[in-house]
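Trainee: Below is the file model.pdb, with PDB, C-alpha atoms, pLDDT in the B column.
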ATOM      1  CA  MET X  25      10.340 139.962  84.320  1.00 53.00           C
ATOM      2  CA  LEU X  26      11.915 136.496  84.539  1.00 60.00           C
ATOM      3  CA  LEU X  27      15.384 138.015  84.374  1.00 58.00           C
ATOM      4  CA  ALA X  28      14.453 140.452  87.127  1.00 54.00           C
ATOM      5  CA  ALA X  29      13.384 137.520  89.301  1.00 56.00           C
ATOM      6  CA  LEU X  30      16.683 135.687  88.713  1.00 59.00           C
ATOM      7  CA  PHE X  31      18.687 138.759  89.676  1.00 52.00           C
ATOM      8  CA  ALA X  32      16.447 139.276  92.712  1.00 50.00           C
ATOM      9  CA  VAL X  33      17.482 135.917  94.182  1.00 57.00           C
ATOM     10  CA  ASP X  34      21.176 136.845  93.900  1.00 64.00           C
ATOM     11  CA  PHE X  35      22.213 134.766  90.905  1.00 74.00           C
ATOM     12  CA  PRO X  36      25.432 136.216  89.448  1.00 76.00           C
ATOM     13  CA  HIS X  37      25.302 137.678  85.956  1.00 75.00           C
ATOM     14  CA  GLU X  38      27.112 134.649  84.501  1.00 82.00           C
ATOM     15  CA  VAL X  39      24.325 132.362  85.772  1.00 83.00           C
ATOM     16  CA  ALA X  40      21.191 134.533  85.631  1.00 82.00           C
ATOM     17  CA  VAL X  41      21.610 135.486  81.961  1.00 84.00           C
ATOM     18  CA  PRO X  42      22.071 131.965  80.495  1.00 87.00           C
ATOM     19  CA  LEU X  43      19.348 130.559  82.792  1.00 87.00           C
ATOM     20  CA  HIS X  44      17.047 133.222  81.417  1.00 84.00           C
ATOM     21  CA  GLY X  45      18.173 132.201  77.937  1.00 87.00           C
ATOM     22  CA  VAL X  46      17.238 128.551  78.465  1.00 89.00           C
ATOM     23  CA  ILE X  47      13.739 129.394  79.709  1.00 86.00           C
ATOM     24  CA  MET X  48      13.147 131.946  76.966  1.00 86.00           C
ATOM     25  CA  LEU X  49      14.363 129.476  74.334  1.00 89.00           C
ATOM     26  CA  ILE X  50      11.790 126.957  75.528  1.00 85.00           C
ATOM     27  CA  THR X  51       9.107 129.647  75.467  1.00 83.00           C
ATOM     28  CA  TYR X  52       9.880 130.982  71.994  1.00 84.00           C
ATOM     29  CA  ALA X  53      10.654 127.599  70.456  1.00 84.00           C
ATOM     30  CA  THR X  54       7.275 126.172  71.509  1.00 80.00           C
ATOM     31  CA  ALA X  55       5.437 129.299  70.395  1.00 79.00           C
ATOM     32  CA  LEU X  56       7.335 129.292  67.097  1.00 84.00           C
ATOM     33  CA  LEU X  57       5.844 125.928  66.149  1.00 82.00           C
ATOM     34  CA  GLY X  58       2.638 127.682  65.177  1.00 79.00           C
ATOM     35  CA  TYR X  59       4.382 130.476  63.266  1.00 83.00           C
ATOM     36  CA  PHE X  60       7.365 128.753  61.657  1.00 86.00           C
ATOM     37  CA  ARG X  61       5.988 128.833  58.102  1.00 88.00           C
ATOM     38  CA  HIS X  62       5.405 132.574  58.411  1.00 89.00           C
ATOM     39  CA  VAL X  63       9.055 133.400  59.220  1.00 91.00           C
ATOM     40  CA  SER X  64      10.757 135.678  56.704  1.00 90.00           C
ATOM     41  CA  ARG X  65      13.867 133.663  55.785  1.00 92.00           C
ATOM     42  CA  ARG X  66      15.582 136.662  54.251  1.00 91.00           C
ATOM     43  CA  ALA X  67      15.075 138.834  57.333  1.00 90.00           C
ATOM     44  CA  PHE X  68      16.137 136.001  59.642  1.00 94.00           C
ATOM     45  CA  PHE X  69      19.353 135.464  57.666  1.00 94.00           C
ATOM     46  CA  GLN X  70      20.113 139.209  57.851  1.00 92.00           C
ATOM     47  CA  PHE X  71      19.546 139.095  61.595  1.00 92.00           C
ATOM     48  CA  ILE X  72      22.041 136.236  61.922  1.00 94.00           C
ATOM     49  CA  ILE X  73      24.638 138.180  59.912  1.00 94.00           C
ATOM     50  CA  GLY X  74      24.374 141.059  62.370  1.00 92.00           C
ATOM     51  CA  SER X  75      24.322 138.883  65.475  1.00 93.00           C
ATOM     52  CA  LEU X  76      27.588 137.040  64.783  1.00 93.00           C
ATOM     53  CA  PRO X  77      29.922 140.035  65.297  1.00 92.00           C
ATOM     54  CA  GLY X  78      27.622 141.170  68.109  1.00 89.00           C
ATOM     55  CA  PHE X  79      28.100 137.872  69.952  1.00 92.00           C
ATOM     56  CA  ALA X  80      31.855 138.129  69.441  1.00 90.00           C
ATOM     57  CA  LEU X  81      31.816 141.591  71.004  1.00 87.00           C
ATOM     58  CA  GLY X  82      29.543 140.412  73.804  1.00 84.00           C
ATOM     59  CA  ALA X  83      31.890 137.527  74.608  1.00 86.00           C
ATOM     60  CA  LEU X  84      34.644 140.019  75.370  1.00 85.00           C
ATOM     61  CA  ILE X  85      32.700 141.524  78.266  1.00 79.00           C
ATOM     62  CA  ILE X  86      31.675 138.283  79.999  1.00 77.00           C
ATOM     63  CA  GLY X  87      33.120 138.289  83.489  1.00 70.00           C
ATOM     64  CA  HIS X  88      33.366 142.090  83.481  1.00 74.00           C
ATOM     65  CA  VAL X  89      29.680 142.946  83.926  1.00 69.00           C
ATOM     66  CA  ASP X  90      28.812 143.962  87.467  1.00 70.00           C
ATOM     67  CA  ARG X  91      25.633 142.268  88.723  1.00 64.00           C
ATOM     68  CA  HIS X  92      24.339 145.536  90.169  1.00 69.00           C
ATOM     69  CA  PHE X  93      24.894 147.292  86.852  1.00 71.00           C
ATOM     70  CA  ALA X  94      22.875 144.588  85.105  1.00 67.00           C
ATOM     71  CA  GLN X  95      20.120 144.873  87.731  1.00 66.00           C
ATOM     72  CA  ILE X  96      19.869 148.632  87.337  1.00 76.00           C
ATOM     73  CA  ALA X  97      19.997 148.381  83.542  1.00 72.00           C
ATOM     74  CA  ILE X  98      17.197 145.790  83.367  1.00 68.00           C
ATOM     75  CA  SER X  99      15.167 147.847  85.865  1.00 73.00           C
ATOM     76  CA  ILE X 100      15.431 150.941  83.685  1.00 75.00           C
ATOM     77  CA  ILE X 101      14.425 148.927  80.628  1.00 68.00           C
ATOM     78  CA  ILE X 102      11.394 147.517  82.438  1.00 67.00           C
ATOM     79  CA  LEU X 103      10.308 150.957  83.640  1.00 73.00           C
ATOM     80  CA  TYR X 104      10.755 152.360  80.143  1.00 69.00           C
ATOM     81  CA  ALA X 105       8.802 149.524  78.526  1.00 63.00           C
ATOM     82  CA  THR X 106       5.911 149.803  80.998  1.00 67.00           C
ATOM     83  CA  TRP X 107       5.628 153.514  81.767  1.00 73.00           C
ATOM     84  CA  ALA X 108       7.211 155.548  78.933  1.00 65.00           C
ATOM     85  CA  PRO X 109       4.659 157.749  77.093  1.00 67.00           C
ATOM     86  CA  LYS X 110       4.278 156.954  73.403  1.00 61.00           C
ATOM     87  CA  SER X 111       5.967 160.242  72.506  1.00 57.00           C
ATOM     88  CA  PHE X 112       9.147 158.997  74.244  1.00 57.00           C
ATOM     89  CA  GLN X 113       9.143 155.463  72.876  1.00 54.00           C
ATOM     90  CA  ILE X 114      11.700 154.300  70.307  1.00 53.00           C
ATOM     91  CA  LYS X 115      10.480 154.712  66.749  1.00 56.00           C
ATOM     92  CA  ASN X 116      11.426 152.690  63.696  1.00 53.00           C
ATOM     93  CA  PRO X 117      14.515 154.449  62.287  1.00 52.00           C
ATOM     94  CA  LEU X 118      14.443 155.725  58.706  1.00 44.00           C
ATOM     95  CA  VAL X 119      16.893 153.231  57.218  1.00 48.00           C
ATOM     96  CA  SER X 120      16.462 150.357  54.812  1.00 52.00           C
ATOM     97  CA  THR X 121      14.694 147.265  56.096  1.00 67.00           C
ATOM     98  CA  ASP X 122      17.772 145.145  55.314  1.00 73.00           C
ATOM     99  CA  ALA X 123      19.894 147.417  57.504  1.00 79.00           C
ATOM    100  CA  ASN X 124      17.224 147.233  60.205  1.00 80.00           C
ATOM    101  CA  MET X 125      17.560 143.480  60.583  1.00 85.00           C
ATOM    102  CA  VAL X 126      21.364 143.543  60.577  1.00 87.00           C
ATOM    103  CA  ALA X 127      21.276 146.304  63.208  1.00 85.00           C
ATOM    104  CA  ALA X 128      18.760 144.288  65.246  1.00 85.00           C
ATOM    105  CA  GLY X 129      21.164 141.351  65.185  1.00 88.00           C
ATOM    106  CA  VAL X 130      24.120 143.435  66.380  1.00 87.00           C
ATOM    107  CA  ILE X 131      22.214 145.300  69.103  1.00 83.00           C
ATOM    108  CA  GLY X 132      20.262 142.243  70.211  1.00 85.00           C
ATOM    109  CA  SER X 133      23.290 139.968  70.572  1.00 88.00           C
ATOM    110  CA  VAL X 134      25.404 142.499  72.475  1.00 85.00           C
ATOM    111  CA  SER X 135      22.612 143.530  74.856  1.00 82.00           C
ATOM    112  CA  SER X 136      21.525 139.913  75.428  1.00 84.00           C
ATOM    113  CA  ILE X 137      25.044 139.133  76.675  1.00 85.00           C
ATOM    114  CA  ALA X 138      25.604 142.361  78.608  1.00 79.00           C
ATOM    115  CA  ILE X 139      22.288 142.616  80.445  1.00 75.00           C
ATOM    116  CA  GLY X 140      20.319 139.579  79.289  1.00 72.00           C
ATOM    117  CA  ALA X 141      17.485 141.490  77.600  1.00 69.00           C
ATOM    118  CA  ALA X 142      17.170 142.838  74.081  1.00 69.00           C
ATOM    119  CA  SER X 143      13.522 143.080  72.993  1.00 67.00           C
ATOM    120  CA  THR X 144      12.950 146.680  74.100  1.00 61.00           C
ATOM    121  CA  PHE X 145      15.889 147.879  72.022  1.00 61.00           C
ATOM    122  CA  ILE X 146      15.201 145.970  68.828  1.00 71.00           C
ATOM    123  CA  SER X 147      11.407 145.545  68.629  1.00 69.00           C
ATOM    124  CA  PRO X 148      10.931 148.685  66.477  1.00 66.00           C
ATOM    125  CA  LEU X 149      13.462 147.348  63.964  1.00 70.00           C
ATOM    126  CA  TYR X 150      11.136 144.466  63.035  1.00 70.00           C
ATOM    127  CA  LEU X 151       8.355 146.755  61.817  1.00 67.00           C
ATOM    128  CA  ARG X 152       7.621 146.511  58.088  1.00 72.00           C
ATOM    129  CA  LYS X 153       4.564 147.717  56.235  1.00 73.00           C
ATOM    130  CA  GLU X 154       4.517 144.659  53.964  1.00 78.00           C
ATOM    131  CA  TRP X 155       4.448 142.165  56.847  1.00 81.00           C
ATOM    132  CA  ASP X 156       1.206 140.888  58.306  1.00 81.00           C
ATOM    133  CA  THR X 157       0.923 140.063  62.017  1.00 77.00           C
ATOM    134  CA  LYS X 158       1.867 136.401  61.585  1.00 83.00           C
ATOM    135  CA  THR X 159       5.012 137.227  59.616  1.00 85.00           C
ATOM    136  CA  LEU X 160       6.012 139.824  62.194  1.00 81.00           C
ATOM    137  CA  MET X 161       5.406 137.446  65.101  1.00 82.00           C
ATOM    138  CA  GLY X 162       7.064 134.447  63.442  1.00 86.00           C
ATOM    139  CA  THR X 163      10.158 136.362  62.353  1.00 88.00           C
ATOM    140  CA  LYS X 164      10.569 138.035  65.732  1.00 86.00           C
ATOM    141  CA  MET X 165      10.195 134.704  67.561  1.00 87.00           C
ATOM    142  CA  ALA X 166      12.779 133.057  65.321  1.00 92.00           C
ATOM    143  CA  CYS X 167      15.254 135.896  65.834  1.00 91.00           C
ATOM    144  CA  VAL X 168      14.808 136.011  69.616  1.00 89.00           C
ATOM    145  CA  ALA X 169      15.099 132.203  69.828  1.00 91.00           C
ATOM    146  CA  PHE X 170      18.381 132.440  67.898  1.00 94.00           C
ATOM    147  CA  LEU X 171      19.618 135.049  70.394  1.00 92.00           C
ATOM    148  CA  GLN X 172      18.936 132.623  73.232  1.00 91.00           C
ATOM    149  CA  VAL X 173      20.847 129.826  71.479  1.00 93.00           C
ATOM    150  CA  GLY X 174      23.826 132.095  70.953  1.00 93.00           C
ATOM    151  CA  LYS X 175      23.665 133.442  74.487  1.00 91.00           C
ATOM    152  CA  ILE X 176      23.551 129.960  76.026  1.00 92.00           C
ATOM    153  CA  GLY X 177      26.388 128.773  73.792  1.00 92.00           C
ATOM    154  CA  ILE X 178      28.694 131.648  74.667  1.00 92.00           C
ATOM    155  CA  PHE X 179      28.103 131.436  78.414  1.00 90.00           C
ATOM    156  CA  SER X 180      28.562 127.662  78.234  1.00 91.00           C
ATOM    157  CA  PHE X 181      31.935 128.213  76.567  1.00 90.00           C
ATOM    158  CA  PHE X 182      32.898 130.384  79.534  1.00 87.00           C
ATOM    159  CA  GLY X 183      31.858 127.824  82.156  1.00 88.00           C
ATOM    160  CA  PHE X 184      28.079 127.791  82.458  1.00 87.00           C
ATOM    161  CA  ASN X 185      26.778 124.208  82.756  1.00 90.00           C
ATOM    162  CA  ILE X 186      23.066 123.589  82.260  1.00 87.00           C
ATOM    163  CA  GLN X 187      23.288 120.296  84.175  1.00 88.00           C
ATOM    164  CA  ASP X 188      24.333 122.167  87.310  1.00 88.00           C
ATOM    165  CA  HIS X 189      20.962 123.930  87.327  1.00 86.00           C
ATOM    166  CA  ILE X 190      18.682 121.225  85.961  1.00 89.00           C
ATOM    167  CA  SER X 191      16.819 120.916  89.283  1.00 86.00           C
ATOM    168  CA  LEU X 192      15.831 124.570  88.903  1.00 82.00           C
ATOM    169  CA  LEU X 193      15.287 124.604  85.159  1.00 85.00           C
ATOM    170  CA  ILE X 194      12.767 121.757  85.099  1.00 87.00           C
ATOM    171  CA  PRO X 195      10.243 123.334  87.504  1.00 87.00           C
ATOM    172  CA  MET X 196      10.820 126.771  85.953  1.00 82.00           C
ATOM    173  CA  SER X 197      10.137 125.375  82.479  1.00 82.00           C
ATOM    174  CA  ILE X 198       6.975 123.661  83.708  1.00 84.00           C
ATOM    175  CA  CYS X 199       5.826 126.920  85.317  1.00 80.00           C
ATOM    176  CA  VAL X 200       6.510 128.827  82.085  1.00 76.00           C
ATOM    177  CA  ILE X 201       4.450 126.362  80.047  1.00 77.00           C
ATOM    178  CA  ILE X 202       1.611 126.498  82.585  1.00 80.00           C
ATOM    179  CA  GLY X 203       1.855 130.276  82.645  1.00 73.00           C
ATOM    180  CA  ASN X 204       1.604 130.418  78.853  1.00 68.00           C
ATOM    181  CA  ILE X 205      -1.504 128.227  78.924  1.00 72.00           C
ATOM    182  CA  ILE X 206      -3.105 130.373  81.631  1.00 73.00           C
ATOM    183  CA  GLY X 207      -2.143 133.506  79.738  1.00 66.00           C
ATOM    184  CA  VAL X 208      -3.780 132.278  76.541  1.00 60.00           C
ATOM    185  CA  TYR X 209      -6.916 131.377  78.532  1.00 66.00           C
ATOM    186  CA  TRP X 210      -7.175 134.732  80.273  1.00 69.00           C
ATOM    187  CA  VAL X 211      -6.097 137.014  77.431  1.00 57.00           C
ATOM    188  CA  GLY X 212      -9.603 137.116  76.037  1.00 61.00           C
ATOM    189  CA  ARG X 213     -11.287 137.264  79.443  1.00 72.00           C
ATOM    190  CA  ILE X 214      -9.666 140.342  80.931  1.00 69.00           C
ATOM    191  CA  SER X 215     -10.059 143.865  79.632  1.00 71.00           C
ATOM    192  CA  SER X 216      -7.025 145.532  78.086  1.00 62.00           C
ATOM    193  CA  GLU X 217      -7.168 148.263  80.730  1.00 73.00           C
ATOM    194  CA  ASN X 218      -7.149 145.785  83.627  1.00 74.00           C
ATOM    195  CA  TYR X 219      -4.354 143.846  81.940  1.00 64.00           C
ATOM    196  CA  ARG X 220      -2.206 146.979  81.637  1.00 70.00           C
ATOM    197  CA  VAL X 221      -2.769 147.794  85.314  1.00 77.00           C
ATOM    198  CA  LEU X 222      -1.853 144.263  86.406  1.00 74.00           C
ATOM    199  CA  TYR X 223       1.135 144.100  84.038  1.00 68.00           C
ATOM    200  CA  ARG X 224       2.531 147.431  85.169  1.00 75.00           C
ATOM    201  CA  SER X 225       1.944 146.689  88.850  1.00 81.00           C
ATOM    202  CA  VAL X 226       3.742 143.338  88.829  1.00 73.00           C
ATOM    203  CA  LEU X 227       6.731 144.650  86.880  1.00 71.00           C
ATOM    204  CA  THR X 228       7.006 147.790  89.010  1.00 79.00           C
ATOM    205  CA  VAL X 229       7.078 145.695  92.194  1.00 78.00           C
ATOM    206  CA  ALA X 230       9.827 143.554  90.620  1.00 71.00           C
ATOM    207  CA  VAL X 231      11.843 146.676  89.767  1.00 74.00           C
ATOM    208  CA  ILE X 232      11.469 148.051  93.299  1.00 79.00           C
ATOM    209  CA  GLY X 233      12.784 144.738  94.598  1.00 72.00           C
ATOM    210  CA  LEU X 234      15.852 144.967  92.360  1.00 69.00           C
ATOM    211  CA  PHE X 235      16.601 148.545  93.442  1.00 76.00           C
ATOM    212  CA  VAL X 236      16.199 147.608  97.121  1.00 75.00           C
ATOM    213  CA  ASP X 237      18.576 144.659  96.614  1.00 71.00           C
ATOM    214  CA  VAL X 238      21.223 146.951  95.098  1.00 72.00           C
ATOM    215  CA  ILE X 239      20.829 149.513  97.903  1.00 78.00           C
ATOM    216  CA  VAL X 240      21.006 146.880 100.652  1.00 73.00           C
ATOM    217  CA  ASP X 241      24.109 145.298  99.108  1.00 69.00           C
ATOM    218  CA  HIS X 242      25.874 148.649  98.930  1.00 70.00           C
ATOM    219  CA  LEU X 243      24.920 149.613 102.463  1.00 71.00           C
ATOM    220  CA  SER X 244      26.202 146.279 103.732  1.00 71.00           C
ATOM    221  CA  GLY X 245      29.380 146.582 101.700  1.00 64.00           C
ATOM    222  CA  ASN X 246      28.524 143.528  99.575  1.00 59.00           C
ATOM    223  CA  LYS X 247      29.431 145.055  96.201  1.00 55.00           C
TER     224      LYS X 247
END
Before we go any further, please render this structure as structure tokens.
Mentor:
Amino acid sequence: MLLAALFAVDFPHEVAVPLHGVIMLITYATALLGYFRHVSRRAFFQFIIGSLPGFALGALIIGHVDRHFAQIAISIIILYATWAPKSFQIKNPLVSTDANMVAAGVIGSVSSIAIGAASTFISPLYLRKEWDTKTLMGTKMACVAFLQVGKIGIFSFFGFNIQDHISLLIPMSICVIIGNIIGVYWVGRISSENYRVLYRSVLTVAVIGLFVDVIVDHLSGNK
């Protein structure tokens, strides 16, 4: 949703994606403080092994990703994540758990560079019968935080400068922290059905905005 908002205000791909990475790093890093001791070190190391060649591949496409392509791609991912019936959702593939984490690293790093988002693609690869909820959450947070670090580093190498956007990042970070606090407060005070309706409605409106932006740009010749 955050990435959709950044694209909606006409940030180019080379700025929207690393900005999203900075905010998500703050989000996951703070949340990880409560789950750090539950992280599976072995799985995290396997994820890193997969992400390194993935980042190298992703670096090759920086500067060649059309902003409209990224907008449409993230819109499709959002619609899939919010509206796809369970029968059409990605299942955990029948491969070894070690291969799962390496694959998650490769897919996550490439997609985080190309379109800025990765969770929808790789979430099923974290599933393990022997993991409890805290291990699953901690390991996933650690892996996603690592993706943000790599994403920020690569875009910085190609010219992105955090200091150029500090006036935007500070209020955004404050809003994210406040939003997390409000979310924790309300999560137990709103029914799951009402939450799903609100969640789907907000994201669908964001997607419509992205599609309208692409259409308007094409009609005006601003491609």
Trainee: One number please: atom CA of His88 of chain X to atom CA of His37 of chain X, in Å, one decimal.
Mentor: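 Straight-line distance from atom CA of His88 of chain X to atom CA of His37 of chain X works out to 9.5 Å.
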Trainee: Quote the spacing between atom CA of Val221 of chain X and atom CA of Val200 of chain X in Å to one decimal place.
Mentor: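 Straight-line distance from atom CA of Val221 of chain X to atom CA of Val200 of chain X works out to 21.4 Å.
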Trainee: Please provide the set of residues having any atom within 7 Å of segment 53-61 of chain X, restricted to all atoms listed in the file, with same-chain residues fewer than 6 positions apart removed, written as a list in words.
Mentor: Lys158, Gly162, Met165, Ala166 and Ala169 of chain X
Trainee: Could you tell me how far atom CA of Val46 of chain X sits from atom CA of Leu193 of chain X, in Å to one decimal place?
Mentor: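 Going from atom CA of Leu193 of chain X over to atom CA of Val46 of chain X covers 8.0 Å.
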Trainee: For Thr228 of chain X, which of X:Ile100, X:Leu49, X:Leu81, X:Ala67 is the closest residue, counting all atoms listed in the file?
Mentor: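 Nearest to Thr228 of chain X: X:Ile100.
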Trainee: For Leu160 of chain X, which residue among X:Ile206, X:Arg65, X:Leu103, X:Leu76 is the nearest when counting all atoms listed in the file?
Mentor: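 Between X:Ile206, X:Arg65, X:Leu103, X:Leu76, the residue approaching Leu160 of chain X most closely is X:Arg65.
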Trainee: Let me know the residues the PyMOL selection byres ((chain X and resi 201) around 12) catches in the file above, as a list of chain:residue names.
Mentor: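 So the PyMOL selection byres ((chain X and resi 201) around 12) ends up selecting X:Ile47, X:Met48, X:Leu49, X:Ile50, X:Thr51, X:Tyr52, X:Ala53, X:Thr54, X:Ala55, X:Ile194, X:Pro195, X:Met196, X:Ser197, X:Ile198, X:Cys199, X:Val200, X:Ile202, X:Gly203, X:Asn204, X:Ile205, X:Ile206, X:Gly207, X:Val208.
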Trainee: Near segment 133-140 of chain X, counting all atoms listed in the file, which residues have an atom at most 10 Å away, once you skip same-chain residues fewer than 3 positions from it, shown as a ChimeraX atom specification?
Mentor: /X:27-28,37-38,40-45,71-72,74-91,93-98,127-130,143,145-146,168,170-172,174-176,178-179
Trainee: Include C-alpha atoms and write out the residues we just selected as a CSV table (one decimal), in the frame of the given file.
Mentor:
chain,number,residue,atom,x,y,z
X,27,LEU,CA,15.4,138.0,84.4
X,28,ALA,CA,14.5,140.5,87.1
X,37,HIS,CA,25.3,137.7,86.0
X,38,GLU,CA,27.1,134.6,84.5
X,40,ALA,CA,21.2,134.5,85.6
X,41,VAL,CA,21.6,135.5,82.0
X,42,PRO,CA,22.1,132.0,80.5
X,43,LEU,CA,19.3,130.6,82.8
X,44,HIS,CA,17.0,133.2,81.4
X,45,GLY,CA,18.2,132.2,77.9
X,71,PHE,CA,19.5,139.1,61.6
X,72,ILE,CA,22.0,136.2,61.9
X,74,GLY,CA,24.4,141.1,62.4
X,75,SER,CA,24.3,138.9,65.5
X,76,LEU,CA,27.6,137.0,64.8
X,77,PRO,CA,29.9,140.0,65.3
X,78,GLY,CA,27.6,141.2,68.1
X,79,PHE,CA,28.1,137.9,70.0
X,80,ALA,CA,31.9,138.1,69.4
X,81,LEU,CA,31.8,141.6,71.0
X,82,GLY,CA,29.5,140.4,73.8
X,83,ALA,CA,31.9,137.5,74.6
X,84,LEU,CA,34.6,140.0,75.4
X,85,ILE,CA,32.7,141.5,78.3
X,86,ILE,CA,31.7,138.3,80.0
X,87,GLY,CA,33.1,138.3,83.5
X,88,HIS,CA,33.4,142.1,83.5
X,89,VAL,CA,29.7,142.9,83.9
X,90,ASP,CA,28.8,144.0,87.5
X,91,ARG,CA,25.6,142.3,88.7
X,93,PHE,CA,24.9,147.3,86.9
X,94,ALA,CA,22.9,144.6,85.1
X,95,GLN,CA,20.1,144.9,87.7
X,96,ILE,CA,19.9,148.6,87.3
X,97,ALA,CA,20.0,148.4,83.5
X,98,ILE,CA,17.2,145.8,83.4
X,127,ALA,CA,21.3,146.3,63.2
X,128,ALA,CA,18.8,144.3,65.2
X,129,GLY,CA,21.2,141.4,65.2
X,130,VAL,CA,24.1,143.4,66.4
X,143,SER,CA,13.5,143.1,73.0
X,145,PHE,CA,15.9,147.9,72.0
X,146,ILE,CA,15.2,146.0,68.8
X,168,VAL,CA,14.8,136.0,69.6
X,170,PHE,CA,18.4,132.4,67.9
X,171,LEU,CA,19.6,135.0,70.4
X,172,GLN,CA,18.9,132.6,73.2
X,174,GLY,CA,23.8,132.1,71.0
X,175,LYS,CA,23.7,133.4,74.5
X,176,ILE,CA,23.6,130.0,76.0
X,178,ILE,CA,28.7,131.6,74.7
X,179,PHE,CA,28.1,131.4,78.4
Trainee: Show me, as a tab-separated table (two decimals) with C-alpha atoms, keeping the file's coordinate frame, the residues that have an atom within 9 Å of Lys164 of chain X when counting only C-alpha atoms, minus same-chain residues fewer than 5 positions from it.
Mentor:
chain	number	residue	atom	x	y	z
X	63	VAL	CA	9.06	133.40	59.22
X	68	PHE	CA	16.14	136.00	59.64
X	147	SER	CA	11.41	145.54	68.63
X	150	TYR	CA	11.14	144.47	63.04
X	159	THR	CA	5.01	137.23	59.62
X	169	ALA	CA	15.10	132.20	69.83
